[in-house]
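Novice: This is the structure I have questions about; it appears just below.
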Amino acid sequence: MTNEVGAICDASALPLDAAAHDDGDMTHTRVTVLDYTVNADVYARYGADFDPEAVNDEILRIVNEAAPAGVTVERNGAVMAEDDAIRTAREFDWATLLKRIDLDTILAKHGR
């Protein structure tokens, strides 16, 4: 089966006030939005009952483990980068990362 985890949305055109926030010492900038969630059609094709929240949580965990230093993907898909990691986050190959995720294994772990 081909991997069907998420897609990439370009957030470079976001207004600055919507794309950055300050947590005190460090400004984080949203550099893109990563749609890492699994579409309901994929679950339907498997013909089984899965815990979608657990599946998406595991995918998010994997994505954050693989993300460059200073870059975090939030639950809403926002890719947030510390000031010194913005360029790295923009250049990171998010699509390839999503393609490498073994969705079959994740679904097998989270069936009901």
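Residues are named by chain letter and number: chains run A, B, ... in the order of the structure tokens, numbers start at 1 in each chain, and ligands are numbered from 1 in the order shown.
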Using only C-alpha atoms, which residues sit within 10 Å of Glu53 in chain A once same-chain residues fewer than 4 positions away are excluded, as a short mmCIF file (atom, residue, chain, number, x, y, z; two decimals) with C-alpha atoms, in the first residue's frame?
Specialist:
data_model
loop_
_atom_site.label_atom_id
_atom_site.label_comp_id
_atom_site.auth_asym_id
_atom_site.auth_seq_id
_atom_site.Cartn_x
_atom_site.Cartn_y
_atom_site.Cartn_z
CA THR A 37 -3.27 13.25 9.85
CA VAL A 38 -4.74 10.18 8.17
CA ASP A 57 -0.59 11.14 17.95
CA GLU A 58 1.92 8.47 16.98
CA ILE A 59 2.51 10.05 13.57
CA HIS A 110 -4.07 1.09 17.13
#
Novice: Could you give me, as a list in words, the residues within 12 Å of Ile101 in chain A, counting only C-alpha atoms and dropping anything in the same chain fewer than 5 positions from it?
Specialist: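 The filter keeps Thr2, Asn3, Glu4, Val5, Gly6, Tyr36, Thr37, Val38, Val55, Asn56, Glu58, Ile59, Leu60, Arg61, Ile62, Val63, Glu65, Ala66, Trp94, Ala95, Thr96, Ile106 and Leu107 of chain A.
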Novice: Mind listing the strand (DSSP E or B) residues of range 12-112 of chain A, per DSSP on the backbone, as a list in words?
Specialist: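 Everything in range 12-112 of chain A that counts as strand (DSSP E or B) is Ala20, His21, Asp22, Thr27, His28, Thr29, Arg30, Val31, Thr32, Val33, Leu34, Asp35, Tyr36, Thr37, Val38, Phe50, Val71, Thr72, Val73, Ala78, Val79, Met80, Ala81, Glu82 and Gly111 of chain A.
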Novice: Write a file of the selected residues as a PDB file, in the first residue's frame, keeping N, CA and C atoms.
Specialist:
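again-v3.pdb, freshly written:
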ATOM      1  N   ALA A  20       3.769  33.976  13.822  1.00  0.00           N
ATOM      2  CA  ALA A  20       4.839  33.977  14.818  1.00  0.00           C
ATOM      3  C   ALA A  20       4.264  34.221  16.203  1.00  0.00           C
ATOM      4  N   HIS A  21       4.932  33.662  17.202  1.00  0.00           N
ATOM      5  CA  HIS A  21       4.584  33.982  18.584  1.00  0.00           C
ATOM      6  C   HIS A  21       5.844  33.954  19.431  1.00  0.00           C
ATOM      7  N   ASP A  22       5.778  34.663  20.515  1.00  0.00           N
ATOM      8  CA  ASP A  22       6.918  34.832  21.397  1.00  0.00           C
ATOM      9  C   ASP A  22       6.606  34.126  22.701  1.00  0.00           C
ATOM     10  N   THR A  27      11.497  33.663  19.942  1.00  0.00           N
ATOM     11  CA  THR A  27      10.392  33.801  19.001  1.00  0.00           C
ATOM     12  C   THR A  27      10.325  32.541  18.158  1.00  0.00           C
ATOM     13  N   HIS A  28       9.120  32.024  17.990  1.00  0.00           N
ATOM     14  CA  HIS A  28       8.900  30.874  17.117  1.00  0.00           C
ATOM     15  C   HIS A  28       8.087  31.349  15.925  1.00  0.00           C
ATOM     16  N   THR A  29       8.502  30.953  14.750  1.00  0.00           N
ATOM     17  CA  THR A  29       7.829  31.362  13.527  1.00  0.00           C
ATOM     18  C   THR A  29       7.220  30.144  12.854  1.00  0.00           C
ATOM     19  N   ARG A  30       5.984  30.290  12.426  1.00  0.00           N
ATOM     20  CA  ARG A  30       5.340  29.208  11.678  1.00  0.00           C
ATOM     21  C   ARG A  30       5.847  29.290  10.251  1.00  0.00           C
ATOM     22  N   VAL A  31       6.499  28.213   9.802  1.00  0.00           N
ATOM     23  CA  VAL A  31       7.098  28.225   8.471  1.00  0.00           C
ATOM     24  C   VAL A  31       6.259  27.469   7.443  1.00  0.00           C
ATOM     25  N   THR A  32       5.424  26.595   7.894  1.00  0.00           N
ATOM     26  CA  THR A  32       4.514  25.872   7.014  1.00  0.00           C
ATOM     27  C   THR A  32       3.471  25.180   7.885  1.00  0.00           C
ATOM     28  N   VAL A  33       2.539  24.525   7.240  1.00  0.00           N
ATOM     29  CA  VAL A  33       1.553  23.715   7.941  1.00  0.00           C
ATOM     30  C   VAL A  33       1.661  22.311   7.375  1.00  0.00           C
ATOM     31  N   LEU A  34       1.827  21.357   8.250  1.00  0.00           N
ATOM     32  CA  LEU A  34       2.009  19.968   7.865  1.00  0.00           C
ATOM     33  C   LEU A  34       0.726  19.205   8.174  1.00  0.00           C
ATOM     34  N   ASP A  35       0.073  18.711   7.150  1.00  0.00           N
ATOM     35  CA  ASP A  35      -1.131  17.904   7.347  1.00  0.00           C
ATOM     36  C   ASP A  35      -0.674  16.467   7.519  1.00  0.00           C
ATOM     37  N   TYR A  36      -0.424  16.084   8.764  1.00  0.00           N
ATOM     38  CA  TYR A  36       0.124  14.765   9.071  1.00  0.00           C
ATOM     39  C   TYR A  36      -0.957  13.739   9.392  1.00  0.00           C
ATOM     40  N   THR A  37      -2.207  14.148   9.436  1.00  0.00           N
ATOM     41  CA  THR A  37      -3.274  13.251   9.851  1.00  0.00           C
ATOM     42  C   THR A  37      -3.683  12.302   8.726  1.00  0.00           C
ATOM     43  N   VAL A  38      -4.299  11.193   9.119  1.00  0.00           N
ATOM     44  CA  VAL A  38      -4.736  10.176   8.171  1.00  0.00           C
ATOM     45  C   VAL A  38      -6.184  10.448   7.786  1.00  0.00           C
ATOM     46  N   PHE A  50     -10.268   1.788  13.952  1.00  0.00           N
ATOM     47  CA  PHE A  50      -9.012   2.263  14.524  1.00  0.00           C
ATOM     48  C   PHE A  50      -9.280   3.441  15.443  1.00  0.00           C
ATOM     49  N   VAL A  71      12.922  22.853  15.789  1.00  0.00           N
ATOM     50  CA  VAL A  71      11.685  22.824  15.009  1.00  0.00           C
ATOM     51  C   VAL A  71      10.716  21.856  15.669  1.00  0.00           C
ATOM     52  N   THR A  72       9.464  22.298  15.818  1.00  0.00           N
ATOM     53  CA  THR A  72       8.429  21.475  16.416  1.00  0.00           C
ATOM     54  C   THR A  72       7.176  21.553  15.563  1.00  0.00           C
ATOM     55  N   VAL A  73       6.541  20.398  15.370  1.00  0.00           N
ATOM     56  CA  VAL A  73       5.248  20.366  14.698  1.00  0.00           C
ATOM     57  C   VAL A  73       4.194  20.294  15.794  1.00  0.00           C
ATOM     58  N   ALA A  78       0.946  23.087  12.595  1.00  0.00           N
ATOM     59  CA  ALA A  78       1.850  24.219  12.401  1.00  0.00           C
ATOM     60  C   ALA A  78       3.286  23.790  12.677  1.00  0.00           C
ATOM     61  N   VAL A  79       4.162  24.052  11.720  1.00  0.00           N
ATOM     62  CA  VAL A  79       5.587  23.775  11.890  1.00  0.00           C
ATOM     63  C   VAL A  79       6.205  25.056  12.431  1.00  0.00           C
ATOM     64  N   MET A  80       6.608  25.010  13.692  1.00  0.00           N
ATOM     65  CA  MET A  80       7.138  26.179  14.383  1.00  0.00           C
ATOM     66  C   MET A  80       8.657  26.036  14.525  1.00  0.00           C
ATOM     67  N   ALA A  81       9.362  27.102  14.156  1.00  0.00           N
ATOM     68  CA  ALA A  81      10.824  27.073  14.215  1.00  0.00           C
ATOM     69  C   ALA A  81      11.338  28.199  15.087  1.00  0.00           C
ATOM     70  N   GLU A  82      12.333  27.874  15.897  1.00  0.00           N
ATOM     71  CA  GLU A  82      13.041  28.905  16.638  1.00  0.00           C
ATOM     72  C   GLU A  82      13.763  29.771  15.621  1.00  0.00           C
ATOM     73  N   GLY A 111      -5.593  -0.613  16.325  1.00  0.00           N
ATOM     74  CA  GLY A 111      -6.924  -1.123  16.002  1.00  0.00           C
ATOM     75  C   GLY A 111      -7.735  -1.306  17.282  1.00  0.00           C
TER      76      GLY A 111
END
Novice: At what distance in Å, to one decimal, does CA of Gly47 in chain A lie from CA of Arg112 in chain A?
Specialist: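 Value for the CA of Arg112 in chain A-CA of Gly47 in chain A distance: 11.8 Å.
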Novice: Among range 53-86 of chain A, which residues carry a DSSP assignment of alpha helix (DSSP H), reported as a list in words?
Specialist: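 These are the residues in question: Glu53, Ala54, Val55, Asn56, Asp57, Glu58, Ile59, Leu60, Arg61, Ile62, Val63, Asn64, Glu65, Ala66 and Ile86 of chain A.
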Novice: Could you dump the residues just selected with N, CA and C atoms as a tab-separated table (two decimals), in the first residue's frame?
Specialist:
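Saved file again.tsv follows:
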chain	number	residue	atom	x	y	z
A	53	GLU	N	-7.27	9.16	16.88
A	53	GLU	CA	-6.48	10.09	17.70
A	53	GLU	C	-5.14	9.47	18.07
A	54	ALA	N	-5.15	8.19	18.43
A	54	ALA	CA	-3.90	7.51	18.76
A	54	ALA	C	-3.00	7.38	17.54
A	55	VAL	N	-3.59	7.10	16.37
A	55	VAL	CA	-2.81	7.01	15.14
A	55	VAL	C	-2.15	8.35	14.85
A	56	ASN	N	-2.93	9.43	14.89
A	56	ASN	CA	-2.38	10.75	14.61
A	56	ASN	C	-1.35	11.18	15.64
A	57	ASP	N	-1.58	10.82	16.91
A	57	ASP	CA	-0.59	11.14	17.95
A	57	ASP	C	0.74	10.45	17.69
A	58	GLU	N	0.67	9.19	17.25
A	58	GLU	CA	1.92	8.47	16.98
A	58	GLU	C	2.64	9.07	15.77
A	59	ILE	N	1.89	9.42	14.74
A	59	ILE	CA	2.51	10.05	13.57
A	59	ILE	C	3.17	11.36	13.98
A	60	LEU	N	2.47	12.16	14.79
A	60	LEU	CA	3.03	13.43	15.26
A	60	LEU	C	4.30	13.20	16.07
A	61	ARG	N	4.31	12.17	16.91
A	61	ARG	CA	5.50	11.84	17.70
A	61	ARG	C	6.68	11.52	16.77
A	62	ILE	N	6.42	10.71	15.76
A	62	ILE	CA	7.47	10.32	14.80
A	62	ILE	C	8.00	11.55	14.06
A	63	VAL	N	7.09	12.40	13.62
A	63	VAL	CA	7.48	13.61	12.89
A	63	VAL	C	8.35	14.51	13.77
A	64	ASN	N	7.95	14.69	15.01
A	64	ASN	CA	8.73	15.56	15.90
A	64	ASN	C	10.09	14.96	16.25
A	65	GLU	N	10.17	13.64	16.34
A	65	GLU	CA	11.48	13.01	16.58
A	65	GLU	C	12.42	13.24	15.41
A	66	ALA	N	11.87	13.28	14.20
A	66	ALA	CA	12.69	13.43	12.99
A	66	ALA	C	12.92	14.90	12.61
A	86	ILE	N	14.77	28.58	11.37
A	86	ILE	CA	13.75	28.88	10.34
A	86	ILE	C	14.19	28.37	8.97
